[in-house]
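Chemist: Can you read through this structure? Questions will come right after.
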Amino acid sequence: MTWTPPEVPPADEMTAAWWDATREHRLTVQTCDCGHRQHPPRAVCTGCGDTEHLTQVDATGAGTVDAFTVVHRAPRTGVETPYVVARVRLVEGPILLTRLPSDRDWSIGDPVTVGWLDLPDGRALPLFTHPEQRN
Ligand SMILES: [Zn+2]
């Protein structure tokens, strides 16, 4: 996959556990004792309001395309186009904003599976591909 990685924000207190898991290529979702799952990690469960019992739990990495757009105009010089920005709904429920390979005609509902782009600082970005494209 050839594309320019976006600027990735540093981990903070809230997102550190999520980012740490990406170093091992583990996709996690924040899960509350009430059973609610959410992403990105927050200080409060949006299901029940609890603040004490939120943990990062491994996700399967499988999901479906919830929405997407193909970007043809580079937002700044040096960014390769076209690229595909997508919302992926994980089978666990939460939605991730991510990218998809641009060499495929995507449709809403297409199955996707997680892959990883390693960042220079040891973290990794989850990028999704069609299961048949897995490399
Ligand atoms: Zn909860």
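Chains: A, B, ... in order of the structure tokens. Residues: from 1 per chain. Ligands: from 1, in order shown.
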At a cut-off of 10 Å and counting only C-alpha atoms and all ligand atoms, what residues surround ligand 1? Please answer as a count of residues only.
Modeler: 19
Chemist: If you count only C-alpha atoms, which residues fall within 10 Å of Asp118 in chain A, apart from same-chain ones fewer than 3 positions away, as a VMD selection string?
Modeler: chain A and resid 5 22 to 23 25 115 121 to 126
Chemist: List every residue of chain A that DSSP, applied to the backbone of this structure, places in helix (DSSP H, G or I), and write the result as a CSV table (one decimal) with C-alpha atoms, in the first residue's frame.
Modeler:
```
chain,number,residue,atom,x,y,z
A,16,ALA,CA,-1.9,5.3,26.0
A,17,ALA,CA,-3.3,1.8,26.6
A,18,TRP,CA,-4.8,1.7,23.1
A,19,TRP,CA,-1.5,2.9,21.5
A,20,ASP,CA,0.6,0.5,23.5
A,21,ALA,CA,-1.4,-2.4,22.1
A,22,THR,CA,-0.8,-1.2,18.6
A,131,PRO,CA,-10.0,-10.2,3.5
A,132,GLU,CA,-9.1,-11.4,0.0
A,133,GLN,CA,-6.4,-8.7,-0.3
```
Chemist: CA of Leu27 in chain A and CA of Thr60 in chain A, how far apart in Å?
Modeler: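 One can read the CA of Thr60 in chain A to CA of Leu27 in chain A distance as 7.5 Å.
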Chemist: Wanna dump the range 34-81 of chain A-range 93-114 of chain A contacts at 7 Å for me, each residue with its shortest atom pair and the distance in Å to one decimal, counting only C-alpha atoms, ordered by chain and number, as JSON lines?
Modeler:
```
{"residue": "A:Arg37", "atom": "CA", "partner": "A:Pro94", "partner_atom": "CA", "distance": 6.5}
{"residue": "A:Gln38", "atom": "CA", "partner": "A:Pro94", "partner_atom": "CA", "distance": 5.3}
{"residue": "A:His39", "atom": "CA", "partner": "A:Pro94", "partner_atom": "CA", "distance": 5.7}
{"residue": "A:Gly61", "atom": "CA", "partner": "A:Val114", "partner_atom": "CA", "distance": 4.9}
{"residue": "A:Ala62", "atom": "CA", "partner": "A:Thr113", "partner_atom": "CA", "distance": 4.5}
{"residue": "A:Gly63", "atom": "CA", "partner": "A:Val112", "partner_atom": "CA", "distance": 5.3}
{"residue": "A:Thr64", "atom": "CA", "partner": "A:Pro111", "partner_atom": "CA", "distance": 4.4}
{"residue": "A:Val65", "atom": "CA", "partner": "A:Gly109", "partner_atom": "CA", "distance": 5.0}
{"residue": "A:Asp66", "atom": "CA", "partner": "A:Ile108", "partner_atom": "CA", "distance": 5.7}
{"residue": "A:Ala67", "atom": "CA", "partner": "A:Ile108", "partner_atom": "CA", "distance": 6.0}
```
Chemist: Could you tell me, as a PDB file with C-alpha atoms, in the first residue's frame, which residues of chain A DSSP assigns to strand (DSSP E) when given the backbone?
Modeler:
```
ATOM      1  CA  THR A  28      -8.354  -3.122  21.180  1.00  0.00           C
ATOM      2  CA  VAL A  29     -11.656  -1.541  22.090  1.00  0.00           C
ATOM      3  CA  GLN A  30     -12.472   0.048  25.397  1.00  0.00           C
ATOM      4  CA  THR A  31     -14.889  -2.183  27.261  1.00  0.00           C
ATOM      5  CA  CYS A  32     -16.915  -1.422  30.371  1.00  0.00           C
ATOM      6  CA  ARG A  37     -17.735  -1.087  24.056  1.00  0.00           C
ATOM      7  CA  GLN A  38     -16.498   2.224  22.690  1.00  0.00           C
ATOM      8  CA  LEU A  54     -13.090   0.635  31.636  1.00  0.00           C
ATOM      9  CA  THR A  55     -10.408  -1.601  30.132  1.00  0.00           C
ATOM     10  CA  GLN A  56      -8.890  -2.169  26.707  1.00  0.00           C
ATOM     11  CA  VAL A  57      -9.919  -5.582  25.375  1.00  0.00           C
ATOM     12  CA  ASP A  58      -8.594  -7.269  22.219  1.00  0.00           C
ATOM     13  CA  ALA A  62     -12.816  -7.865  11.598  1.00  0.00           C
ATOM     14  CA  GLY A  63     -15.437  -5.364  10.532  1.00  0.00           C
ATOM     15  CA  THR A  64     -17.421  -3.909   7.664  1.00  0.00           C
ATOM     16  CA  VAL A  65     -17.224  -0.687   5.672  1.00  0.00           C
ATOM     17  CA  ASP A  66     -19.762   1.682   7.218  1.00  0.00           C
ATOM     18  CA  ALA A  67     -18.997   4.703   4.994  1.00  0.00           C
ATOM     19  CA  PHE A  68     -16.152   5.857   2.805  1.00  0.00           C
ATOM     20  CA  THR A  69     -14.972   8.577   0.475  1.00  0.00           C
ATOM     21  CA  VAL A  70     -12.282   8.637  -2.197  1.00  0.00           C
ATOM     22  CA  VAL A  71     -10.020  11.675  -1.902  1.00  0.00           C
ATOM     23  CA  TYR A  83      -6.771   7.549  -1.184  1.00  0.00           C
ATOM     24  CA  VAL A  84      -9.787   6.173   0.606  1.00  0.00           C
ATOM     25  CA  VAL A  85     -10.944   7.453   3.988  1.00  0.00           C
ATOM     26  CA  ALA A  86     -13.413   5.112   5.615  1.00  0.00           C
ATOM     27  CA  ARG A  87     -15.490   4.439   8.673  1.00  0.00           C
ATOM     28  CA  VAL A  88     -15.156   0.805   9.651  1.00  0.00           C
ATOM     29  CA  ARG A  89     -17.638  -0.754  12.033  1.00  0.00           C
ATOM     30  CA  LEU A  90     -15.890  -3.459  14.020  1.00  0.00           C
ATOM     31  CA  ILE A  95     -16.508   2.581  14.613  1.00  0.00           C
ATOM     32  CA  LEU A  96     -12.962   3.488  13.587  1.00  0.00           C
ATOM     33  CA  LEU A  97     -11.952   6.198  11.152  1.00  0.00           C
ATOM     34  CA  THR A  98      -9.272   4.662   8.946  1.00  0.00           C
ATOM     35  CA  ARG A  99      -8.042   4.196   5.398  1.00  0.00           C
ATOM     36  CA  LEU A 100      -8.640   1.516   2.807  1.00  0.00           C
ATOM     37  CA  PRO A 111     -15.977  -7.018   4.908  1.00  0.00           C
ATOM     38  CA  VAL A 112     -12.579  -5.773   6.065  1.00  0.00           C
ATOM     39  CA  THR A 113      -9.818  -7.049   8.290  1.00  0.00           C
ATOM     40  CA  VAL A 114      -7.141  -5.115  10.136  1.00  0.00           C
ATOM     41  CA  GLY A 115      -3.544  -4.732   8.998  1.00  0.00           C
ATOM     42  CA  TRP A 116      -0.844  -2.529  10.443  1.00  0.00           C
ATOM     43  CA  LEU A 117       1.392   0.302   9.340  1.00  0.00           C
ATOM     44  CA  ASP A 118       4.362   0.634  11.666  1.00  0.00           C
ATOM     45  CA  ALA A 124       1.331   1.267  14.567  1.00  0.00           C
ATOM     46  CA  LEU A 125      -1.728   2.468  12.695  1.00  0.00           C
ATOM     47  CA  PRO A 126      -4.582   0.064  11.986  1.00  0.00           C
ATOM     48  CA  LEU A 127      -5.385   0.017   8.269  1.00  0.00           C
ATOM     49  CA  PHE A 128      -8.080  -2.173   6.874  1.00  0.00           C
ATOM     50  CA  THR A 129      -8.115  -4.301   3.739  1.00  0.00           C
TER      51      THR A 129
END
```
Chemist: From the list A:Glu80, A:Glu24, A:Pro40, A:Leu119, which residue is nearest Glu7 in chain A when using only C-alpha atoms?
Modeler: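 Comparing A:Glu80, A:Glu24, A:Pro40, A:Leu119 against Glu7 in chain A, the winner is A:Leu119.
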Chemist: What is the distance, in Å and to one decimal place, between CA of Pro41 in chain A and CA of Val8 in chain A?
Modeler: 15.9 Å
